[in-house]
Every structure is written in structure tokens, then in C-alpha cells.
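A.B. asks: Have a peek at target-v3.csv (CSV, C-alpha atoms).
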chain,number,residue,atom,x,y,z
O,463,MET,CA,-1.1,-21.1,11.7
O,464,SER,CA,-1.9,-17.7,10.3
O,465,GLU,CA,-4.6,-17.3,7.6
O,466,LEU,CA,-3.3,-16.9,4.1
O,467,MET,CA,-4.5,-13.6,2.8
O,468,LEU,CA,-2.8,-13.0,-0.6
O,469,THR,CA,-1.2,-15.4,-3.0
O,470,CYS,CA,0.6,-14.3,-6.1
O,471,GLU,CA,1.3,-17.2,-8.5
O,472,ASN,CA,3.8,-16.6,-11.3
O,473,VAL,CA,2.4,-13.1,-12.0
O,474,VAL,CA,3.6,-11.5,-15.3
O,475,LYS,CA,3.0,-8.0,-16.6
O,476,ASN,CA,3.9,-6.8,-20.0
O,477,PHE,CA,3.7,-3.2,-21.3
O,478,GLY,CA,4.1,-3.6,-25.0
O,479,GLY,CA,7.5,-5.3,-25.5
O,480,VAL,CA,8.6,-4.5,-21.9
O,481,ARG,CA,8.2,-7.1,-19.2
O,482,ALA,CA,7.7,-5.3,-16.0
O,483,LEU,CA,7.0,-8.4,-13.9
O,484,ASN,CA,8.5,-11.7,-14.8
O,485,GLY,CA,6.8,-14.5,-12.8
O,486,ILE,CA,6.4,-13.0,-9.3
O,487,SER,CA,5.3,-15.6,-6.7
O,488,THR,CA,4.8,-14.8,-3.0
O,489,LYS,CA,2.3,-15.3,-0.2
O,490,VAL,CA,1.1,-12.9,2.5
O,491,SER,CA,-0.4,-14.1,5.8
O,492,ARG,CA,-2.8,-12.3,8.0
O,493,GLY,CA,-1.0,-10.0,10.4
O,494,GLU,CA,2.2,-9.6,8.3
O,495,ILE,CA,3.9,-6.4,7.3
O,496,LEU,CA,5.5,-7.2,4.0
O,497,GLY,CA,8.2,-4.7,2.9
O,498,LEU,CA,8.3,-4.6,-0.9
O,499,VAL,CA,11.6,-3.1,-1.9
O,500,GLY,CA,14.0,-2.8,-4.9
O,501,PRO,CA,15.8,-0.2,-7.1
O,502,ASN,CA,13.8,2.2,-9.2
O,503,GLY,CA,12.1,0.4,-12.1
O,504,SER,CA,12.2,-3.0,-10.3
O,505,GLY,CA,8.4,-3.5,-10.5
O,506,LYS,CA,7.3,-2.6,-7.0
O,507,SER,CA,4.5,-0.2,-7.9
O,508,THR,CA,3.5,-2.3,-10.9
O,509,LEU,CA,2.9,-5.2,-8.5
O,510,ILE,CA,0.8,-2.9,-6.2
O,511,ASN,CA,-1.2,-1.9,-9.3
O,512,ILE,CA,-1.8,-5.5,-10.3
O,513,ILE,CA,-3.0,-6.6,-6.8
O,514,SER,CA,-5.4,-3.6,-6.6
O,515,GLY,CA,-6.8,-4.2,-10.0
O,516,GLN,CA,-5.4,-1.0,-11.6
O,517,HIS,CA,-3.6,-3.0,-14.3
O,518,PRO,CA,-4.7,-6.4,-15.8
O,519,VAL,CA,-2.2,-9.2,-15.5
O,520,SER,CA,-0.5,-10.6,-18.6
O,521,GLY,CA,0.0,-14.0,-16.9
O,522,GLY,CA,-0.4,-15.9,-13.6
O,523,GLN,CA,-3.0,-15.4,-11.0
O,524,LEU,CA,-3.9,-13.7,-7.8
O,525,LEU,CA,-5.9,-15.2,-4.9
O,526,PHE,CA,-7.3,-13.2,-1.9
O,527,LYS,CA,-8.3,-15.5,1.0
O,528,GLY,CA,-8.6,-18.3,-1.5
O,529,ARG,CA,-10.8,-16.4,-4.0
O,530,ASN,CA,-9.4,-15.8,-7.5
O,531,ILE,CA,-9.3,-12.0,-8.1
O,532,THR,CA,-7.1,-12.0,-11.2
O,533,LYS,CA,-9.7,-10.5,-13.4
O,534,ASP,CA,-11.7,-8.5,-10.9
O,535,GLU,CA,-12.3,-4.8,-11.3
O,536,PRO,CA,-10.8,-2.4,-8.7
O,537,HIS,CA,-14.1,-1.6,-7.0
O,538,LEU,CA,-14.8,-5.3,-6.5
O,539,ILE,CA,-11.3,-5.9,-5.1
O,540,THR,CA,-11.8,-3.0,-2.7
O,541,ARG,CA,-15.1,-4.4,-1.5
O,542,LEU,CA,-13.5,-7.7,-0.8
O,543,GLY,CA,-11.1,-6.1,1.6
O,544,ILE,CA,-8.0,-4.7,-0.3
O,545,ALA,CA,-7.3,-1.0,-0.3
O,546,ARG,CA,-4.3,1.0,-1.5
O,547,THR,CA,-2.7,4.4,-1.4
O,548,TYR,CA,-0.9,6.3,-4.2
O,549,GLN,CA,2.6,7.8,-4.3
O,550,ILE,CA,1.1,11.2,-5.2
O,551,PRO,CA,-2.1,12.1,-3.4
O,552,ARG,CA,-4.8,13.2,-5.8
O,553,PRO,CA,-7.8,14.2,-3.6
O,554,PHE,CA,-10.8,15.9,-5.0
O,555,GLN,CA,-9.7,19.6,-4.7
O,556,THR,CA,-13.2,21.1,-4.7
O,557,MET,CA,-14.4,18.9,-1.8
O,558,THR,CA,-13.8,19.1,1.9
O,559,VAL,CA,-11.6,16.7,3.7
O,560,LEU,CA,-14.6,14.9,5.1
O,561,ARG,CA,-16.3,14.6,1.7
O,562,ASN,CA,-13.1,13.1,0.2
O,563,VAL,CA,-13.1,10.3,2.7
O,564,MET,CA,-16.9,9.8,2.2
O,565,VAL,CA,-16.4,9.2,-1.5
O,566,SER,CA,-13.9,6.4,-0.6
O,567,SER,CA,-16.2,5.0,2.1
O,568,THR,CA,-19.1,4.8,-0.3
O,569,PHE,CA,-16.9,3.3,-3.1
O,570,GLY,CA,-15.7,0.6,-0.8
O,571,HIS,CA,-19.2,-0.5,0.4
O,572,ALA,CA,-22.0,-1.3,-2.1
O,573,ASN,CA,-24.8,-0.8,0.4
O,574,ARG,CA,-23.5,2.1,2.5
O,575,GLY,CA,-25.8,5.2,2.5
O,576,LEU,CA,-24.6,8.8,2.9
O,577,GLU,CA,-25.3,8.9,6.6
O,578,GLN,CA,-23.4,5.7,7.2
O,579,ALA,CA,-20.6,6.9,4.9
O,580,GLU,CA,-20.3,10.3,6.7
O,581,ARG,CA,-20.2,8.6,10.1
O,582,ALA,CA,-17.6,6.1,9.0
O,583,ALA,CA,-15.5,8.8,7.3
O,584,TYR,CA,-15.5,11.0,10.4
O,585,GLU,CA,-14.4,8.0,12.5
O,586,THR,CA,-11.5,7.4,10.1
O,587,LEU,CA,-10.5,11.1,10.3
O,588,GLU,CA,-10.4,10.8,14.1
O,589,PHE,CA,-8.3,7.7,13.8
O,590,THR,CA,-5.8,9.4,11.5
O,591,GLY,CA,-5.7,12.7,13.5
O,592,LEU,CA,-7.5,14.7,10.8
O,593,ALA,CA,-10.9,15.3,12.4
O,594,ALA,CA,-10.1,19.0,13.1
O,595,TYR,CA,-9.8,19.5,9.3
O,596,ALA,CA,-13.0,17.7,8.4
O,597,GLY,CA,-14.8,20.8,7.0
O,598,MET,CA,-11.7,22.3,5.5
O,599,PRO,CA,-11.0,22.4,1.7
O,600,VAL,CA,-8.3,19.9,0.7
O,601,SER,CA,-6.3,22.8,-0.8
O,602,LYS,CA,-5.5,24.1,2.7
O,603,LEU,CA,-3.7,20.9,3.7
O,604,ASN,CA,0.1,20.5,3.6
O,605,LEU,CA,1.8,17.5,2.0
O,606,HIS,CA,2.0,15.6,5.3
O,607,GLN,CA,-1.7,16.1,6.0
O,608,ARG,CA,-2.5,15.1,2.4
O,609,LYS,CA,-0.6,11.9,2.9
O,610,PHE,CA,-2.6,11.2,6.0
O,611,LEU,CA,-5.8,12.0,4.1
O,612,GLU,CA,-4.7,9.4,1.5
O,613,LEU,CA,-4.4,6.9,4.4
O,614,ALA,CA,-7.8,7.9,5.7
O,615,ARG,CA,-9.4,7.4,2.3
O,616,ALA,CA,-8.0,3.9,2.1
O,617,LEU,CA,-8.9,3.0,5.6
O,618,SER,CA,-12.5,4.2,5.2
O,619,THR,CA,-13.1,1.2,3.0
O,620,LYS,CA,-12.4,-1.0,6.1
O,621,PRO,CA,-9.6,-3.1,4.4
O,622,GLU,CA,-8.1,-6.3,5.7
O,623,LEU,CA,-5.1,-5.8,3.4
O,624,LEU,CA,-3.7,-2.3,2.9
O,625,LEU,CA,-1.1,-1.6,0.1
O,626,LEU,CA,1.0,1.5,0.9
O,627,ASP,CA,2.9,2.9,-2.1
O,628,GLU,CA,5.6,5.3,-0.8
O,629,VAL,CA,3.5,7.2,1.7
O,630,MET,CA,6.6,8.9,3.1
O,631,ALA,CA,8.0,10.3,-0.1
O,632,GLY,CA,8.7,14.1,0.3
O,633,LEU,CA,8.3,14.2,4.1
O,634,ASN,CA,10.8,15.6,6.6
O,635,PRO,CA,12.3,13.4,9.4
O,636,THR,CA,9.7,14.4,12.0
O,637,GLU,CA,6.8,13.7,9.6
O,638,ILE,CA,8.4,10.4,8.7
O,639,ASP,CA,8.5,9.4,12.3
O,640,GLU,CA,4.8,10.4,12.7
O,641,SER,CA,4.0,8.3,9.6
O,642,VAL,CA,5.8,5.3,11.0
O,643,GLU,CA,3.8,5.5,14.2
O,644,MET,CA,0.5,5.8,12.2
O,645,ILE,CA,1.4,2.7,10.2
O,646,ARG,CA,2.1,0.8,13.4
O,647,LYS,CA,-1.3,2.0,14.7
O,648,ILE,CA,-3.0,0.8,11.6
O,649,HIS,CA,-1.3,-2.6,11.9
O,650,GLU,CA,-2.2,-2.9,15.5
O,651,SER,CA,-5.8,-2.3,14.5
O,652,GLY,CA,-5.7,-5.7,12.7
O,653,VAL,CA,-4.8,-4.6,9.1
O,654,THR,CA,-2.3,-6.7,7.1
O,655,LEU,CA,0.2,-4.4,5.2
O,656,ILE,CA,2.3,-4.4,2.1
O,657,ILE,CA,4.6,-1.4,2.1
O,658,VAL,CA,6.6,0.0,-0.9
O,659,GLU,CA,9.2,2.4,0.5
O,660,HIS,CA,12.6,3.7,-0.5
O,661,LEU,CA,13.6,4.7,3.0
O,662,MET,CA,15.4,1.5,4.1
O,663,ARG,CA,15.6,2.4,7.8
O,664,VAL,CA,11.8,2.7,7.7
O,665,VAL,CA,10.9,-0.4,5.8
O,666,THR,CA,13.4,-2.6,7.8
O,667,SER,CA,12.1,-1.3,11.1
O,668,LEU,CA,8.4,-1.9,10.2
O,669,SER,CA,8.6,-5.1,8.1
O,670,THR,CA,8.1,-8.6,9.5
O,671,ARG,CA,9.3,-9.9,6.1
O,672,MET,CA,10.8,-8.4,3.0
O,673,LEU,CA,10.5,-9.1,-0.7
O,674,VAL,CA,13.1,-7.7,-3.0
O,675,LEU,CA,12.5,-7.2,-6.7
O,676,ASN,CA,15.0,-6.3,-9.4
O,677,TYR,CA,14.2,-6.1,-13.1
O,678,GLY,CA,10.7,-7.5,-12.4
O,679,GLU,CA,11.9,-10.6,-10.6
O,680,VAL,CA,12.2,-11.7,-6.9
O,681,ILE,CA,15.9,-11.8,-5.9
O,682,ALA,CA,15.4,-12.2,-2.2
O,683,GLU,CA,12.7,-12.9,0.4
O,684,GLY,CA,12.9,-13.3,4.2
O,685,GLY,CA,13.5,-11.4,7.4
O,686,PRO,CA,14.8,-7.8,7.1
O,687,GLU,CA,18.3,-8.6,8.5
O,688,GLN,CA,18.7,-11.7,6.4
O,689,VAL,CA,17.6,-9.9,3.2
O,690,MET,CA,19.8,-6.9,3.7
O,691,ARG,CA,22.9,-9.1,4.0
O,692,ASP,CA,22.1,-11.0,0.8
O,693,PRO,CA,24.9,-10.3,-1.7
O,694,GLU,CA,22.4,-10.1,-4.6
O,695,VAL,CA,20.5,-7.4,-2.8
O,696,VAL,CA,23.6,-5.5,-2.0
O,697,THR,CA,24.7,-5.7,-5.6
O,698,ALA,CA,21.3,-4.5,-6.8
O,699,TYR,CA,21.4,-1.4,-4.6
O,700,LEU,CA,25.1,-0.5,-4.3
O,701,GLY,CA,26.9,-2.4,-7.1
O,702,LYS,CA,29.1,-5.5,-7.3
O,703,GLU,CA,32.0,-3.9,-5.5
O,704,TYR,CA,30.0,-3.8,-2.2
O,705,ALA,CA,28.9,-7.4,-2.3
O,706,GLN,CA,30.9,-9.9,-0.2
Take the structure I supplied and represent it as C-alpha cells, if you would.
C.D. replies:
Amino acid sequence: MSELMLTCENVVKNFGGVRALNGISTKVSRGEILGLVGPNGSGKSTLINIISGQHPVSGGQLLFKGRNITKDEPHLITRLGIARTYQIPRPFQTMTVLRNVMVSSTFGHANRGLEQAERAAYETLEFTGLAAYAGMPVSKLNLHQRKFLELARALSTKPELLLLDEVMAGLNPTEIDESVEMIRKIHESGVTLIIVEHLMRVVTSLSTRMLVLNYGEVIAEGGPEQVMRDPEVVTAYLGKEYAQ
């Protein structure tokens, strides 16, 4: 039986009078690729922000490998083994590619010195195909390369669970295919993944299981084929007239 990595128990998030998440409960086992999907505004990114500690929860709790992380700060969650990417990469523009990854590598490890951080950062750049750009200013990178830099920064913390928030937004078809292969490579290296993605052909091909949100609630959960045939999912995406 696979090790239980993440447990969300009745997670609630309010922003003022708006309830963005309304009692989300799910579990993620080691080795899974969980596709987190739903229409715009359904709460996908909010859930990623909650898991990574970016937003405090309004109710419920989160467990990572049995440890309660509900009130932990982001840097503590990272050091426990959870990393995340952002929809819009925001690297340090005045730093080189290598230095950007070194910052994340140091942030993710309390006792990692600069030499260790540099070595680990370069290894991550080699893994993601960016080693040739190590000494280059970030401003010289195109969007696709910045997306891979975002992956490298997250991977440099040596995560066991990686949260990917729309890493393929704005990419062309060739770049999307390359990103899919990189995600498979990351998964094959032993990292468990939660993927937020609007490109359904991508998320259904990558996911071992899918969780569908709508208006901050879970409306379906299961294998990709099963979920995408669910009438409630079809209604949420296409409207009632398409549901059987």
C-alpha cells in the first residue's frame, strides 16, 4: 500500500465574505499525479496556496506524511518536502539563472551553505536542461525557459511533493510537449505531483487521478476517463445542454 503523503480534511478558505473553498477533503499517496481541474474561479490555485502555506486556512486541517502543517509558515512547509511553482514566473531579474536557483536551494534547506547550494542548483539546471544558461541574466530567457527556471527553483529544494500551478500557460504546442516530457521526468525521479492545468489533453494524459472543483467544492474525483464522463463535470465546463 502506498504511503499517504497529503491529507486535506474539510479545508475552508474565506476571503472576507467570499468562500473560495468550502470543505475540500482529499488524500494524495506517494507516486501519484493528481490533476486538479475546474472552471475559472473554482478554487484550484487557492487550494495550492493553502497547501504551500501562502494563505492561512479558515477551517479544516492539512497533514503531510501524518504531520499537521495547517499553521506552518511557507519556509517550514518547503523544508518538510513540499514545493510549488507559480502561474507567472517572477525570478529575481538582477540575478543570473544560477543565482536564482541558489536562492531557492538555500531557502529550502536550513543548513545548506553557499557551496552546497551552488552545486545543488547547477545539478538542478542540468536536470531541467538549463545548465547552458547558468551564468546568463534571467532577462535573456524566453517564456518557455522561464517556466523551466520556475521548475528548477522548485526542484532545487528537493521536494517529495511538487505543486504545479499552470506551468504551460502561454506556451506553444511544441513547448507544451517538451513541458509534458519534463513533468514525466520529474515524476519518474520519485516526486509526487499535484497539477493545476487548463489544457485538458495534458492533464488527462499525465494524471493518475483527477479532482474536479467547482465553486470551491469537489464535484468529482477518480480516474481521468471516469471523471471526464461525469455529467456534473460536463455541465461545469460546457453547460447543461451537453450533459447526458
A.B. asks: Go through O:Gly500, O:Pro518, O:Gly543, O:Gly528 one by one, measure the shortest atom-to-atom distance of each to O:Ala698 using all atoms listed in the file, and give the residue with the smallest value.
C.D. replies: O:Gly500
A.B. asks: With all atoms listed in the file counted, which protein, DNA or RNA residues have an atom no more than 10 Å from (21.4, -9.2, -7.9) in the file frame? Please answer as a list in words.
C.D. replies: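 Checked against the point, the hits come out as Val674, Leu675, Asn676, Tyr677, Glu679, Val680, Ile681, Ala682, Asp692, Pro693, Glu694, Val695, Val696, Thr697, Ala698, Tyr699, Gly701, Lys702 and Ala705 of chain O.
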A.B. asks: Can you check which parts of stretch 588-630 of chain O lie within 12 Å of stretch 575-582 of chain O? Per residue, the shortest pair of atoms and distance in Å to one decimal, counting all atoms listed in the file, sorted by chain and number, as CSV.
C.D. replies:
residue,atom,partner,partner_atom,distance
O:Glu588,CA,O:Ala582,CA,10.0
O:Phe589,CA,O:Ala582,CA,10.6
O:Ala593,CA,O:Arg581,CA,11.7
O:Ala596,CA,O:Glu580,CA,10.5
O:Gly597,CA,O:Glu580,CA,11.9
O:Ala614,CA,O:Ala582,CA,10.5
O:Arg615,CA,O:Ala582,CA,10.7
O:Leu617,CA,O:Ala582,CA,9.8
O:Ser618,CA,O:Ala582,CA,6.6
O:Thr619,CA,O:Ala582,CA,9.0
O:Lys620,CA,O:Ala582,CA,9.3
A.B. asks: Restrict the selected residues to C-alpha atoms and save them as an mmCIF file, in the frame of the given file.
C.D. replies:
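Written file, result_5.cif:
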data_model
loop_
_atom_site.group_PDB
_atom_site.id
_atom_site.type_symbol
_atom_site.label_atom_id
_atom_site.label_comp_id
_atom_site.auth_asym_id
_atom_site.auth_seq_id
_atom_site.Cartn_x
_atom_site.Cartn_y
_atom_site.Cartn_z
ATOM 1 C CA GLU O 588 -10.400 10.800 14.100
ATOM 2 C CA PHE O 589 -8.300 7.700 13.800
ATOM 3 C CA ALA O 593 -10.900 15.300 12.400
ATOM 4 C CA ALA O 596 -13.000 17.700 8.400
ATOM 5 C CA GLY O 597 -14.800 20.800 7.000
ATOM 6 C CA ALA O 614 -7.800 7.900 5.700
ATOM 7 C CA ARG O 615 -9.400 7.400 2.300
ATOM 8 C CA LEU O 617 -8.900 3.000 5.600
ATOM 9 C CA SER O 618 -12.500 4.200 5.200
ATOM 10 C CA THR O 619 -13.100 1.200 3.000
ATOM 11 C CA LYS O 620 -12.400 -1.000 6.100
#
A.B. asks: Between stretch 490-579 of chain O and stretch 641-664 of chain O, at 8 Å or less, what are the per-residue closest atom pairs and their distances in Å? Count all atoms listed in the file, order by chain and rising residue number, and return it as a tab-separated table.
C.D. replies:
residue	atom	partner	partner_atom	distance
O:Ser491	CA	O:Thr654	CA	7.7
O:Arg492	CA	O:Thr654	CA	5.7
O:Gly493	CA	O:Thr654	CA	4.8
O:Glu494	CA	O:Thr654	CA	5.5
O:Ile495	CA	O:Leu655	CA	4.7
O:Leu496	CA	O:Ile656	CA	4.7
O:Gly497	CA	O:Ile657	CA	4.9
O:Leu498	CA	O:Val658	CA	4.9
O:Val499	CA	O:Val658	CA	6.0
O:Gly500	CA	O:His660	CA	8.0
O:Lys506	CA	O:Val658	CA	6.7
O:Ser507	CA	O:Val658	CA	7.3
A.B. asks: Measuring between all atoms listed in the file, which one of O:Ile539, O:Met672, O:Val559, O:Ile512 shows the shortest distance to O:Gln688?
C.D. replies: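 Result for the nearest residue to O:Gln688: O:Met672.
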A.B. asks: With distances taken over only C-alpha atoms, which of O:Asn562, O:Leu673, O:Gly570, O:Ser464 is nearest to O:Ser504?
C.D. replies: O:Leu673
A.B. asks: Could you check how far atom CA of O:Leu623 sits from atom CA of O:Gly515, in Å to one decimal?
C.D. replies: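 For atom CA of O:Leu623 relative to atom CA of O:Gly515, the distance reads 13.6 Å.
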A.B. asks: Could you name the residues that touch O:Met598 at 9 Å or less, counting only C-alpha atoms, but leaving out those on the same chain fewer than 6 positions away, as a PyMOL selection string?
C.D. replies: chain O and resi 557-560
A.B. asks: From the options O:Gly632, O:Thr556, O:Thr547, O:Ala482, which residue's atoms come nearest to O:Gly503, counting only C-alpha atoms?
C.D. replies: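 The answer is O:Ala482, which sits nearest to O:Gly503.
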A.B. asks: How many Å lie between atom CA of O:Arg546 and atom CA of O:Ala616, rounded to one decimal?
C.D. replies: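 Going from atom CA of O:Arg546 over to atom CA of O:Ala616 covers 5.9 Å.
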A.B. asks: For a test of reading the model, state the distance in Å between atom CA of O:Gln516 and atom CA of O:Leu468, rounded to one decimal.
C.D. replies: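 Separating atom CA of O:Gln516 from atom CA of O:Leu468 is a distance of 16.5 Å.
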A.B. asks: Here is a test: counting only C-alpha atoms, which residue of O:Leu603, O:Leu542, O:Val480, O:Leu587 is nearest to O:Glu622?
C.D. replies: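 Result for the nearest residue to O:Glu622: O:Leu542.
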A.B. asks: Reconstruct stretch 617-639 of chain O at the level of N, CA, C and O atoms, and format the result as a PDB file, in the coordinates of the input.
C.D. replies:
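Once written, rebuild.pdb looks like this:
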ATOM      1  N   LEU O 617      -8.396   3.697   4.449  1.00  0.00           N
ATOM      2  CA  LEU O 617      -8.900   3.000   5.600  1.00  0.00           C
ATOM      3  C   LEU O 617     -10.430   3.086   5.742  1.00  0.00           C
ATOM      4  O   LEU O 617     -11.046   2.222   6.371  1.00  0.00           O
ATOM      5  N   SER O 618     -11.041   4.081   5.120  1.00  0.00           N
ATOM      6  CA  SER O 618     -12.500   4.200   5.200  1.00  0.00           C
ATOM      7  C   SER O 618     -13.227   3.086   4.499  1.00  0.00           C
ATOM      8  O   SER O 618     -14.420   2.889   4.719  1.00  0.00           O
ATOM      9  N   THR O 619     -12.519   2.329   3.668  1.00  0.00           N
ATOM     10  CA  THR O 619     -13.100   1.200   3.000  1.00  0.00           C
ATOM     11  C   THR O 619     -13.089  -0.075   3.903  1.00  0.00           C
ATOM     12  O   THR O 619     -13.552  -1.140   3.498  1.00  0.00           O
ATOM     13  N   LYS O 620     -12.495   0.063   5.087  1.00  0.00           N
ATOM     14  CA  LYS O 620     -12.400  -1.000   6.100  1.00  0.00           C
ATOM     15  C   LYS O 620     -11.603  -2.224   5.485  1.00  0.00           C
ATOM     16  O   LYS O 620     -12.088  -3.352   5.438  1.00  0.00           O
ATOM     17  N   PRO O 621     -10.364  -1.998   5.061  1.00  0.00           N
ATOM     18  CA  PRO O 621      -9.600  -3.100   4.400  1.00  0.00           C
ATOM     19  C   PRO O 621      -9.069  -4.089   5.437  1.00  0.00           C
ATOM     20  O   PRO O 621      -8.820  -3.766   6.598  1.00  0.00           O
ATOM     21  N   GLU O 622      -8.890  -5.311   4.963  1.00  0.00           N
ATOM     22  CA  GLU O 622      -8.100  -6.300   5.700  1.00  0.00           C
ATOM     23  C   GLU O 622      -6.693  -6.322   5.265  1.00  0.00           C
ATOM     24  O   GLU O 622      -5.801  -6.671   6.031  1.00  0.00           O
ATOM     25  N   LEU O 623      -6.454  -5.934   3.997  1.00  0.00           N
ATOM     26  CA  LEU O 623      -5.100  -5.800   3.400  1.00  0.00           C
ATOM     27  C   LEU O 623      -4.957  -4.435   2.856  1.00  0.00           C
ATOM     28  O   LEU O 623      -5.750  -4.008   2.016  1.00  0.00           O
ATOM     29  N   LEU O 624      -3.924  -3.709   3.309  1.00  0.00           N
ATOM     30  CA  LEU O 624      -3.700  -2.300   2.900  1.00  0.00           C
ATOM     31  C   LEU O 624      -2.328  -2.272   2.147  1.00  0.00           C
ATOM     32  O   LEU O 624      -1.310  -2.708   2.684  1.00  0.00           O
ATOM     33  N   LEU O 625      -2.336  -1.721   0.936  1.00  0.00           N
ATOM     34  CA  LEU O 625      -1.100  -1.600   0.100  1.00  0.00           C
ATOM     35  C   LEU O 625      -0.683  -0.125   0.186  1.00  0.00           C
ATOM     36  O   LEU O 625      -1.398   0.784  -0.259  1.00  0.00           O
ATOM     37  N   LEU O 626       0.496   0.127   0.741  1.00  0.00           N
ATOM     38  CA  LEU O 626       1.000   1.500   0.900  1.00  0.00           C
ATOM     39  C   LEU O 626       2.142   1.737  -0.062  1.00  0.00           C
ATOM     40  O   LEU O 626       3.208   1.125   0.024  1.00  0.00           O
ATOM     41  N   ASP O 627       1.911   2.648  -1.006  1.00  0.00           N
ATOM     42  CA  ASP O 627       2.900   2.900  -2.100  1.00  0.00           C
ATOM     43  C   ASP O 627       3.590   4.249  -1.793  1.00  0.00           C
ATOM     44  O   ASP O 627       3.087   5.320  -2.125  1.00  0.00           O
ATOM     45  N   GLU O 628       4.760   4.170  -1.132  1.00  0.00           N
ATOM     46  CA  GLU O 628       5.600   5.300  -0.800  1.00  0.00           C
ATOM     47  C   GLU O 628       4.875   6.463  -0.171  1.00  0.00           C
ATOM     48  O   GLU O 628       4.885   7.603  -0.642  1.00  0.00           O
ATOM     49  N   VAL O 629       4.248   6.163   0.957  1.00  0.00           N
ATOM     50  CA  VAL O 629       3.500   7.200   1.700  1.00  0.00           C
ATOM     51  C   VAL O 629       4.368   8.218   2.356  1.00  0.00           C
ATOM     52  O   VAL O 629       3.865   9.244   2.821  1.00  0.00           O
ATOM     53  N   MET O 630       5.677   7.976   2.417  1.00  0.00           N
ATOM     54  CA  MET O 630       6.600   8.900   3.100  1.00  0.00           C
ATOM     55  C   MET O 630       7.418   9.752   2.163  1.00  0.00           C
ATOM     56  O   MET O 630       8.242  10.544   2.611  1.00  0.00           O
ATOM     57  N   ALA O 631       7.221   9.586   0.872  1.00  0.00           N
ATOM     58  CA  ALA O 631       8.000  10.300  -0.100  1.00  0.00           C
ATOM     59  C   ALA O 631       7.753  11.846   0.070  1.00  0.00           C
ATOM     60  O   ALA O 631       6.615  12.296   0.142  1.00  0.00           O
ATOM     61  N   GLY O 632       8.837  12.625   0.187  1.00  0.00           N
ATOM     62  CA  GLY O 632       8.700  14.100   0.300  1.00  0.00           C
ATOM     63  C   GLY O 632       8.555  14.617   1.682  1.00  0.00           C
ATOM     64  O   GLY O 632       8.457  15.836   1.868  1.00  0.00           O
ATOM     65  N   LEU O 633       8.518  13.737   2.694  1.00  0.00           N
ATOM     66  CA  LEU O 633       8.300  14.200   4.100  1.00  0.00           C
ATOM     67  C   LEU O 633       9.625  14.455   4.771  1.00  0.00           C
ATOM     68  O   LEU O 633      10.657  13.878   4.434  1.00  0.00           O
ATOM     69  N   ASN O 634       9.587  15.334   5.786  1.00  0.00           N
ATOM     70  CA  ASN O 634      10.800  15.600   6.600  1.00  0.00           C
ATOM     71  C   ASN O 634      10.922  14.536   7.670  1.00  0.00           C
ATOM     72  O   ASN O 634       9.994  13.749   7.902  1.00  0.00           O
ATOM     73  N   PRO O 635      12.067  14.482   8.369  1.00  0.00           N
ATOM     74  CA  PRO O 635      12.300  13.400   9.400  1.00  0.00           C
ATOM     75  C   PRO O 635      11.213  13.324  10.438  1.00  0.00           C
ATOM     76  O   PRO O 635      10.807  12.218  10.828  1.00  0.00           O
ATOM     77  N   THR O 636      10.740  14.461  10.942  1.00  0.00           N
ATOM     78  CA  THR O 636       9.700  14.400  12.000  1.00  0.00           C
ATOM     79  C   THR O 636       8.405  13.854  11.415  1.00  0.00           C
ATOM     80  O   THR O 636       7.740  13.030  12.069  1.00  0.00           O
ATOM     81  N   GLU O 637       8.044  14.258  10.205  1.00  0.00           N
ATOM     82  CA  GLU O 637       6.800  13.700   9.600  1.00  0.00           C
ATOM     83  C   GLU O 637       6.942  12.257   9.266  1.00  0.00           C
ATOM     84  O   GLU O 637       5.966  11.514   9.368  1.00  0.00           O
ATOM     85  N   ILE O 638       8.147  11.828   8.909  1.00  0.00           N
ATOM     86  CA  ILE O 638       8.400  10.400   8.700  1.00  0.00           C
ATOM     87  C   ILE O 638       8.153   9.604   9.932  1.00  0.00           C
ATOM     88  O   ILE O 638       7.491   8.552   9.927  1.00  0.00           O
ATOM     89  N   ASP O 639       8.679  10.091  11.047  1.00  0.00           N
ATOM     90  CA  ASP O 639       8.500   9.400  12.300  1.00  0.00           C
ATOM     91  C   ASP O 639       7.008   9.312  12.689  1.00  0.00           C
ATOM     92  O   ASP O 639       6.542   8.268  13.178  1.00  0.00           O
TER      93      ASP O 639
END
